[in-house]
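*Asks:* This is entry17.txt, which holds compact mmCIF, C-alpha atoms:
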# COMPACT_ATOMS: atom_id res chain seq x y z
CA MET A 1 29.30 30.64 -58.20
CA LEU A 2 25.93 29.51 -56.90
CA VAL A 3 26.99 25.85 -56.91
CA ALA A 4 30.21 26.67 -55.10
CA SER A 5 28.29 28.48 -52.36
CA LEU A 6 26.14 25.39 -51.80
CA ILE A 7 29.12 23.06 -51.28
CA PRO A 8 29.53 23.78 -47.52
CA PHE A 9 25.81 23.25 -46.98
CA LEU A 10 25.81 19.99 -48.93
CA PHE A 11 28.88 18.86 -47.02
CA LEU A 12 27.13 19.45 -43.69
CA ILE A 13 24.07 17.50 -44.87
CA LEU A 14 26.30 14.63 -45.97
CA LEU A 15 28.29 14.67 -42.74
CA PHE A 16 25.47 14.99 -40.23
CA LEU A 17 22.53 13.37 -42.03
CA PHE A 18 23.37 10.84 -44.73
CA ILE A 19 26.51 9.28 -43.24
CA PRO A 20 24.91 8.63 -39.81
CA LEU A 21 21.78 7.35 -41.58
CA PHE A 22 23.85 4.96 -43.67
CA PHE A 23 25.71 3.54 -40.68
CA MET A 24 22.44 3.21 -38.73
CA ILE A 25 20.82 1.20 -41.53
CA TYR A 26 24.01 -0.81 -42.06
CA GLY A 27 24.27 -1.58 -38.34
CA SER A 28 20.64 -2.70 -38.14
CA PHE A 29 21.41 -5.55 -40.55
CA GLN A 30 24.37 -6.79 -38.52
CA ALA A 31 24.42 -9.61 -35.99
CA ASP A 32 25.37 -8.86 -32.38
CA GLY A 33 28.84 -7.41 -32.26
CA GLY A 34 28.74 -6.56 -35.98
CA THR A 35 29.86 -10.05 -36.96
CA GLY A 36 27.99 -10.27 -40.26
CA PHE A 37 24.84 -9.62 -42.26
CA SER A 38 21.68 -10.76 -40.47
CA PHE A 39 17.95 -10.06 -40.03
CA LYS A 40 18.20 -11.12 -36.40
CA GLN A 41 17.64 -7.62 -34.98
CA TYR A 42 14.37 -7.09 -36.84
CA GLN A 43 13.20 -10.60 -35.97
CA GLU A 44 13.81 -9.89 -32.30
CA ILE A 45 11.84 -6.65 -32.46
CA PHE A 46 8.77 -8.30 -34.02
CA GLN A 47 8.96 -11.40 -31.80
CA ASN A 48 9.64 -9.62 -28.52
CA GLU A 49 6.52 -8.22 -26.84
CA TYR A 50 8.65 -5.71 -24.91
CA TYR A 51 9.74 -3.87 -28.08
CA ARG A 52 6.29 -4.07 -29.67
CA GLN A 53 4.89 -2.47 -26.52
CA ALA A 54 7.44 0.35 -26.84
CA PHE A 55 6.13 1.20 -30.31
CA LYS A 56 2.54 0.93 -29.09
CA ASN A 57 3.15 3.28 -26.15
CA SER A 58 5.05 5.82 -28.26
CA ILE A 59 2.40 5.88 -30.98
CA LEU A 60 -0.38 6.18 -28.39
CA ILE A 61 1.15 9.08 -26.47
CA SER A 62 2.13 10.81 -29.73
CA LEU A 63 -1.39 10.53 -31.15
CA LEU A 64 -3.00 11.65 -27.90
CA SER A 65 -0.72 14.64 -27.26
CA SER A 66 -0.83 15.70 -30.92
CA PHE A 67 -4.61 15.52 -31.06
CA ILE A 68 -5.10 17.51 -27.86
CA ALA A 69 -2.46 20.08 -28.80
CA THR A 70 -3.92 20.56 -32.28
CA LEU A 71 -7.45 20.91 -30.92
CA LEU A 72 -6.40 23.47 -28.30
CA ALA A 73 -4.23 25.34 -30.81
CA ILE A 74 -7.15 25.75 -33.23
CA PHE A 75 -9.08 27.80 -30.67
CA ALA A 76 -6.02 29.44 -29.06
CA THR A 77 -4.64 30.68 -32.38
CA TYR A 78 -8.02 32.01 -33.45
CA SER A 79 -8.23 33.95 -30.17
CA ILE A 80 -4.72 35.36 -30.65
CA THR A 81 -5.67 36.84 -34.04
CA HIS A 82 -8.21 39.10 -32.29
CA PHE A 83 -5.49 40.94 -30.36
CA SER A 84 -3.46 43.86 -31.66
CA SER A 85 -0.38 43.17 -33.80
CA ARG A 86 1.90 44.14 -30.92
CA ILE A 87 0.35 41.60 -28.55
CA GLN A 88 0.27 38.94 -31.29
CA ASN A 89 4.02 39.34 -31.84
CA ARG A 90 4.70 39.02 -28.12
CA VAL A 91 2.54 35.92 -27.85
CA LEU A 92 4.36 34.33 -30.79
CA ILE A 93 7.74 35.13 -29.21
CA PHE A 94 6.55 33.49 -25.99
CA ALA A 95 5.26 30.48 -27.96
CA ASN A 96 8.60 30.16 -29.71
CA LEU A 97 10.45 30.19 -26.39
CA THR A 98 8.19 27.64 -24.73
CA SER A 99 8.23 25.28 -27.72
CA ASN A 100 12.04 25.15 -27.45
CA PHE A 101 12.02 24.72 -23.67
CA ALA A 102 12.17 20.95 -23.62
CA GLY A 103 14.42 18.11 -22.55
CA ILE A 104 15.92 17.77 -19.08
CA PRO A 105 15.25 21.41 -17.99
CA LEU A 106 11.53 20.99 -18.76
CA ALA A 107 11.31 17.72 -16.83
CA PHE A 108 13.15 19.28 -13.89
CA ALA A 109 10.77 22.26 -13.94
CA PHE A 110 7.73 19.96 -13.79
CA ILE A 111 9.28 17.99 -10.93
CA VAL A 112 9.98 21.22 -9.00
CA LEU A 113 6.44 22.49 -9.55
CA LEU A 114 4.27 19.35 -9.55
CA GLY A 115 6.43 16.63 -7.98
CA ASN A 116 5.69 14.90 -4.69
CA SER A 117 7.33 17.83 -2.87
CA GLY A 118 6.75 20.36 -5.63
CA LEU A 119 5.87 24.01 -5.12
CA PHE A 120 2.24 23.79 -6.26
CA THR A 121 1.72 20.40 -4.58
CA LEU A 122 2.81 21.73 -1.16
CA LEU A 123 1.03 25.05 -1.70
CA PHE A 124 -2.29 23.35 -2.49
CA LYS A 125 -1.86 21.04 0.49
CA HIS A 126 -1.18 24.03 2.74
CA PHE A 127 -4.50 25.62 1.77
CA GLY A 128 -6.36 22.33 2.09
CA TRP A 129 -6.97 21.92 -1.63
CA GLU A 130 -6.91 18.29 -2.75
CA THR A 131 -6.71 19.07 -6.47
CA LEU A 132 -3.13 17.82 -6.86
CA SER A 133 -3.20 15.16 -4.14
CA SER A 134 -4.09 12.41 -6.62
CA PHE A 135 -1.97 13.70 -9.50
CA ASN A 136 1.32 11.91 -10.12
CA VAL A 137 3.67 13.81 -12.43
CA TYR A 138 5.72 10.63 -12.90
CA SER A 139 2.74 8.75 -14.36
CA TRP A 140 1.25 8.49 -17.85
CA SER A 141 -0.78 11.66 -17.15
CA GLY A 142 2.42 13.51 -16.28
CA LEU A 143 4.01 12.38 -19.53
CA VAL A 144 1.03 13.59 -21.56
CA LEU A 145 1.14 16.93 -19.73
CA ILE A 146 4.84 17.44 -20.39
CA TYR A 147 4.37 16.52 -24.05
CA LEU A 148 1.52 19.02 -24.33
CA TYR A 149 3.77 21.73 -22.90
CA PHE A 150 6.10 21.72 -25.90
CA GLN A 151 3.51 20.53 -28.45
CA LEU A 152 0.92 23.26 -27.94
CA PRO A 153 3.20 26.29 -28.61
CA LEU A 154 4.55 24.58 -31.74
CA ALA A 155 1.01 23.97 -32.98
CA VAL A 156 0.12 27.64 -32.35
CA MET A 157 3.09 28.85 -34.40
CA LEU A 158 2.24 26.46 -37.24
CA LEU A 159 -1.44 27.42 -37.36
CA TYR A 160 -1.00 31.16 -36.89
CA PRO A 161 -0.13 31.90 -40.57
CA VAL A 162 -3.17 29.86 -41.64
CA TYR A 163 -5.58 32.20 -39.88
CA GLN A 164 -3.72 35.18 -41.31
CA GLY A 165 -4.46 33.79 -44.77
CA ILE A 166 -8.23 33.96 -44.24
CA ASN A 167 -9.34 37.13 -45.95
CA LYS A 168 -11.62 39.39 -43.90
CA HIS A 169 -13.54 40.22 -47.06
CA TRP A 170 -14.71 36.59 -47.16
CA LYS A 171 -16.37 37.05 -43.77
CA GLU A 172 -17.96 40.30 -44.89
CA ALA A 173 -19.24 38.74 -48.11
CA ALA A 174 -20.65 35.76 -46.23
CA SER A 175 -22.32 38.09 -43.74
CA LEU A 176 -23.89 40.15 -46.51
CA LEU A 177 -25.30 36.95 -47.99
CA GLY A 178 -26.92 36.13 -44.66
CA ALA A 179 -24.43 33.59 -43.30
CA SER A 180 -23.82 33.52 -39.55
CA PRO A 181 -20.24 33.26 -38.16
CA THR A 182 -20.87 29.58 -37.43
CA GLN A 183 -21.99 28.95 -41.01
CA PHE A 184 -18.96 30.81 -42.33
CA TRP A 185 -16.54 28.61 -40.37
CA LEU A 186 -18.39 25.38 -41.15
CA ARG A 187 -18.71 26.01 -44.90
CA ILE A 188 -15.70 28.23 -45.69
CA GLY A 189 -13.22 28.68 -42.84
CA ILE A 190 -12.73 25.10 -41.62
CA PRO A 191 -12.51 23.55 -45.13
CA ILE A 192 -9.79 26.09 -46.00
CA ILE A 193 -7.66 25.44 -42.90
CA LEU A 194 -8.33 21.69 -42.72
CA PRO A 195 -5.29 20.65 -44.84
CA SER A 196 -3.06 22.83 -42.67
CA ILE A 197 -4.54 21.29 -39.53
CA ALA A 198 -3.73 17.83 -40.90
CA GLY A 199 -0.18 18.94 -41.68
CA THR A 200 0.24 20.42 -38.21
CA PHE A 201 -0.97 17.18 -36.62
CA SER A 202 1.56 15.23 -38.68
CA ILE A 203 4.45 17.46 -37.58
CA LEU A 204 3.36 17.22 -33.93
CA PHE A 205 3.16 13.44 -34.21
CA ALA A 206 6.71 13.24 -35.56
CA ASN A 207 7.90 15.67 -32.88
CA ALA A 208 6.36 13.55 -30.10
CA MET A 209 7.63 10.25 -31.51
CA GLY A 210 11.19 11.57 -31.44
CA ALA A 211 11.03 13.08 -27.93
CA TYR A 212 13.52 11.46 -25.57
CA ALA A 213 15.16 13.67 -22.96
CA SER A 214 11.98 14.98 -21.30
CA ALA A 215 10.40 11.53 -20.98
CA TYR A 216 13.60 9.89 -19.75
CA ALA A 217 14.40 12.64 -17.23
CA LEU A 218 10.85 12.51 -15.86
CA THR A 219 10.23 8.76 -15.65
CA GLY A 220 13.58 7.11 -16.36
CA SER A 221 12.92 3.60 -17.68
CA THR A 222 9.55 3.32 -15.92
CA TYR A 223 7.60 3.78 -19.15
CA ASN A 224 8.53 1.77 -22.19
CA LEU A 225 8.95 4.18 -25.11
CA VAL A 226 10.82 3.68 -28.38
CA THR A 227 13.31 6.50 -27.84
CA ILE A 228 14.08 5.31 -24.31
CA ARG A 229 14.69 1.79 -25.62
CA ILE A 230 17.06 3.13 -28.29
CA GLY A 231 18.98 5.09 -25.68
CA ALA A 232 19.18 2.09 -23.35
CA LEU A 233 20.42 -0.21 -26.09
CA THR A 234 22.97 2.31 -27.35
CA THR A 235 24.45 3.37 -24.02
CA GLY A 236 23.69 0.08 -22.29
CA ASP A 237 21.69 -0.11 -19.05
CA ILE A 238 23.27 -3.53 -18.50
CA PHE A 239 24.99 -4.25 -21.81
CA ALA A 240 24.99 -2.30 -25.07
CA LYS A 241 23.36 -3.69 -28.21
CA PRO A 242 23.82 -0.90 -30.77
CA GLU A 243 22.77 -3.15 -33.67
CA LEU A 244 19.35 -3.74 -32.11
CA GLY A 245 19.12 -0.04 -31.26
CA SER A 246 19.84 0.80 -34.90
CA ALA A 247 17.07 -1.56 -36.04
CA ILE A 248 14.57 0.07 -33.66
CA ALA A 249 15.68 3.51 -34.86
CA GLY A 250 15.19 2.38 -38.45
CA LEU A 251 11.65 1.21 -37.72
CA LEU A 252 10.98 4.48 -35.91
CA GLY A 253 12.08 6.40 -39.00
CA LEU A 254 9.92 4.16 -41.17
CA THR A 255 6.94 4.85 -38.90
CA LEU A 256 7.43 8.60 -39.33
CA VAL A 257 7.77 8.26 -43.11
CA VAL A 258 4.51 6.28 -43.26
CA ALA A 259 2.81 8.94 -41.11
CA MET A 260 4.07 11.71 -43.40
CA LEU A 261 2.94 9.87 -46.55
CA LEU A 262 -0.47 9.20 -45.00
CA ASN A 263 -0.80 12.88 -44.11
CA GLU A 264 0.23 13.89 -47.64
CA TRP A 265 -2.37 11.55 -49.13
CA LEU A 266 -5.05 12.84 -46.76
CA THR A 267 -4.16 16.46 -47.48
CA ARG A 268 -4.38 15.94 -51.25
CA LYS A 269 -7.70 14.12 -50.85
CA VAL A 270 -9.19 16.92 -48.75
CA ARG A 271 -8.03 19.58 -51.21
CA ARG A 272 -9.39 17.60 -54.16
CA ASP A 273 -12.75 17.18 -52.45
CA LEU A 274 -12.90 20.90 -51.72
CA SER A 275 -11.97 22.01 -55.24
What do you get writing this file as structure tokens?

*Replies:*
Amino acid sequence: MLVASLIPFLFLILLFLFIPLFFMIYGSFQADGGTGFSFKQYQEIFQNEYYRQAFKNSILISLLSSFIATLLAIFATYSITHFSSRIQNRVLIFANLTSNFAGIPLAFAFIVLLGNSGLFTLLFKHFGWETLSSFNVYSWSGLVLIYLYFQLPLAVMLLYPVYQGINKHWKEAASLLGASPTQFWLRIGIPIILPSIAGTFSILFANAMGAYASAYALTGSTYNLVTIRIGALTTGDIFAKPELGSAIAGLLGLTLVVAMLLNEWLTRKVRRDLS
């Protein structure tokens, strides 16, 4: 009975995960037009500076946005735990909503608010404030900002249960032994939550590496990112090359697997050193 109930779920996984993955990998080893087995697509990626730059830019913006979001979430989540349970629940609901507000609507919202003729841009100019005069939402800074918008709430939701797992009796015991709050966090609190922080960073990195719609809607093809290159090669800005797009997607997946394995190794090492 239990096995029979799992059949629809397994069928969906096969249909929407493994079959597309198989055809993506198969297509990446095909010559242009799917004319036969070839390593040409991977050779072009490693030999072409344009595609190497796409990976470099994606990894850079993913590392930067994930680091900033994780750092801000550490302090933001700790602050949230000091509110009442009712306010905490409302903040988490808001974080859940904002973390899912991404893609084209998010890019459009940033353009409406911070674009060249955006609401805040014109409002600041009206009052003679030059704060936003030099800010370009369509630049690298704008991309980082839009990534942070959906990265930070996700980091807060991931770290919130970690702080709930810190027993208040530990703080009281440390205080009775003469430890200050700073000493408690340096010697007890941070070592306990450090593996979870590393795991959160890894999830944020994967989330940023796979982001497409927000970046494309905001900058188009101005900035060379892996996901934008995959979309261009699949749909065809000039001509479609789905085989090359499949190879880039395969390397993107491999990059995420390596990042996950590195995080798993680091997490085990930290826990072993703390035990």

*Asks:* If I take CA of Met24 (chain A) and CA of Ser246 (chain A), how far is one from the other in Å, to one decimal?

*Replies:*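 Separation of CA of Met24 (chain A) and CA of Ser246 (chain A): 5.2 Å.
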
*Asks:* Choose the residue, out of A:Leu10, A:Ile111, A:Met157, A:Ile25, that has the smallest atom-to-atom separation from Ser196 (chain A); count all atoms listed in the file.

*Replies:*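 Among the listed residues, the smallest separation from Ser196 (chain A) belongs to A:Met157.
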
*Asks:* Which residue is closest to Ile61 (chain A)? Choose from A:Ala102, A:Ile190, A:Val258, A:Leu145 and count all atoms listed in the file.

*Replies:*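 Smallest separation from Ile61 (chain A) among the options: A:Leu145.
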
*Asks:* Which polymer residues have any atom within 12 Å of an atom of Gly189 (chain A), counting all atoms listed in the file, with same-chain residues fewer than 2 positions away left out, as a PDB file with C-alpha atoms, in the frame of the given file?

*Replies:*
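Final output, saved to result13.pdb:
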ATOM      1  CA  ILE A  74      -7.150  25.750 -33.230  1.00  0.00           C
ATOM      2  CA  TYR A  78      -8.020  32.010 -33.450  1.00  0.00           C
ATOM      3  CA  VAL A 162      -3.170  29.860 -41.640  1.00  0.00           C
ATOM      4  CA  TYR A 163      -5.580  32.200 -39.880  1.00  0.00           C
ATOM      5  CA  GLN A 164      -3.720  35.180 -41.310  1.00  0.00           C
ATOM      6  CA  GLY A 165      -4.460  33.790 -44.770  1.00  0.00           C
ATOM      7  CA  ILE A 166      -8.230  33.960 -44.240  1.00  0.00           C
ATOM      8  CA  ASN A 167      -9.340  37.130 -45.950  1.00  0.00           C
ATOM      9  CA  LYS A 168     -11.620  39.390 -43.900  1.00  0.00           C
ATOM     10  CA  TRP A 170     -14.710  36.590 -47.160  1.00  0.00           C
ATOM     11  CA  LYS A 171     -16.370  37.050 -43.770  1.00  0.00           C
ATOM     12  CA  ALA A 174     -20.650  35.760 -46.230  1.00  0.00           C
ATOM     13  CA  PRO A 181     -20.240  33.260 -38.160  1.00  0.00           C
ATOM     14  CA  THR A 182     -20.870  29.580 -37.430  1.00  0.00           C
ATOM     15  CA  GLN A 183     -21.990  28.950 -41.010  1.00  0.00           C
ATOM     16  CA  PHE A 184     -18.960  30.810 -42.330  1.00  0.00           C
ATOM     17  CA  TRP A 185     -16.540  28.610 -40.370  1.00  0.00           C
ATOM     18  CA  LEU A 186     -18.390  25.380 -41.150  1.00  0.00           C
ATOM     19  CA  ARG A 187     -18.710  26.010 -44.900  1.00  0.00           C
ATOM     20  CA  PRO A 191     -12.510  23.550 -45.130  1.00  0.00           C
ATOM     21  CA  ILE A 192      -9.790  26.090 -46.000  1.00  0.00           C
ATOM     22  CA  ILE A 193      -7.660  25.440 -42.900  1.00  0.00           C
ATOM     23  CA  LEU A 194      -8.330  21.690 -42.720  1.00  0.00           C
ATOM     24  CA  PRO A 195      -5.290  20.650 -44.840  1.00  0.00           C
ATOM     25  CA  SER A 196      -3.060  22.830 -42.670  1.00  0.00           C
ATOM     26  CA  ILE A 197      -4.540  21.290 -39.530  1.00  0.00           C
ATOM     27  CA  LEU A 274     -12.900  20.900 -51.720  1.00  0.00           C
TER      28      LEU A 274
END

*Asks:* Produce the centre coordinates and the three edge lengths, each in Å to one decimal, of the box along x, y and z that contains all listed atoms of region 43-50 of chain A with 8 Å added on each side, as AutoDock Vina command-line options.

*Replies:*
--center_x 10.2 --center_y -8.6 --center_z -30.4 --size_x 23.3 --size_y 21.7 --size_z 27.1

*Asks:* Using all atoms listed in the file, collect all residues at a distance of at most 12 Å from (-5.4, 17.0, -26.1) as written in the file, then present them as a PyMOL selection string.

*Replies:* chain A and resi 61-74+141+144-149+151-152+155+201+204

*Asks:* Complete region 178-192 of chain A with N, CA, C and O atoms (output as a compact mmCIF listing (two decimals), in the coordinates of the input).

*Replies:*
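After the write, out-v1.txt holds the following:
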# COMPACT_ATOMS: atom_id res chain seq x y z
N GLY A 178 -26.05 36.67 -45.70
CA GLY A 178 -26.92 36.13 -44.66
C GLY A 178 -26.33 34.99 -43.87
O GLY A 178 -27.04 34.35 -43.08
N ALA A 179 -25.05 34.70 -44.03
CA ALA A 179 -24.43 33.59 -43.30
C ALA A 179 -24.01 34.07 -41.91
O ALA A 179 -23.48 35.17 -41.74
N SER A 180 -24.25 33.23 -40.92
CA SER A 180 -23.82 33.52 -39.55
C SER A 180 -22.34 33.17 -39.42
O SER A 180 -21.77 32.48 -40.27
N PRO A 181 -21.66 33.65 -38.36
CA PRO A 181 -20.24 33.26 -38.16
C PRO A 181 -20.04 31.76 -38.11
O PRO A 181 -19.04 31.24 -38.63
N THR A 182 -20.98 31.04 -37.48
CA THR A 182 -20.87 29.58 -37.43
C THR A 182 -20.95 28.97 -38.82
O THR A 182 -20.17 28.06 -39.16
N GLN A 183 -21.87 29.46 -39.64
CA GLN A 183 -21.99 28.95 -41.01
C GLN A 183 -20.75 29.27 -41.84
O GLN A 183 -20.33 28.46 -42.67
N PHE A 184 -20.18 30.46 -41.59
CA PHE A 184 -18.96 30.81 -42.33
C PHE A 184 -17.84 29.83 -42.03
O PHE A 184 -17.15 29.35 -42.94
N TRP A 185 -17.65 29.51 -40.73
CA TRP A 185 -16.54 28.61 -40.37
C TRP A 185 -16.83 27.18 -40.82
O TRP A 185 -15.91 26.47 -41.23
N LEU A 186 -18.08 26.75 -40.76
CA LEU A 186 -18.39 25.38 -41.15
C LEU A 186 -18.27 25.17 -42.65
O LEU A 186 -17.83 24.11 -43.11
N ARG A 187 -18.65 26.17 -43.44
CA ARG A 187 -18.71 26.01 -44.90
C ARG A 187 -17.49 26.60 -45.63
O ARG A 187 -17.19 26.18 -46.75
N ILE A 188 -16.82 27.56 -45.01
CA ILE A 188 -15.70 28.23 -45.69
C ILE A 188 -14.40 28.12 -44.89
O ILE A 188 -13.39 27.64 -45.39
N GLY A 189 -14.44 28.58 -43.64
CA GLY A 189 -13.22 28.68 -42.84
C GLY A 189 -12.55 27.33 -42.57
O GLY A 189 -11.37 27.13 -42.90
N ILE A 190 -13.30 26.40 -41.98
CA ILE A 190 -12.73 25.10 -41.62
C ILE A 190 -12.25 24.32 -42.84
O ILE A 190 -11.16 23.75 -42.81
N PRO A 191 -13.04 24.25 -43.95
CA PRO A 191 -12.51 23.55 -45.13
C PRO A 191 -11.20 24.13 -45.66
O PRO A 191 -10.35 23.41 -46.16
N ILE A 192 -11.02 25.47 -45.51
CA ILE A 192 -9.79 26.09 -46.00
C ILE A 192 -8.59 25.72 -45.13
O ILE A 192 -7.50 25.43 -45.63
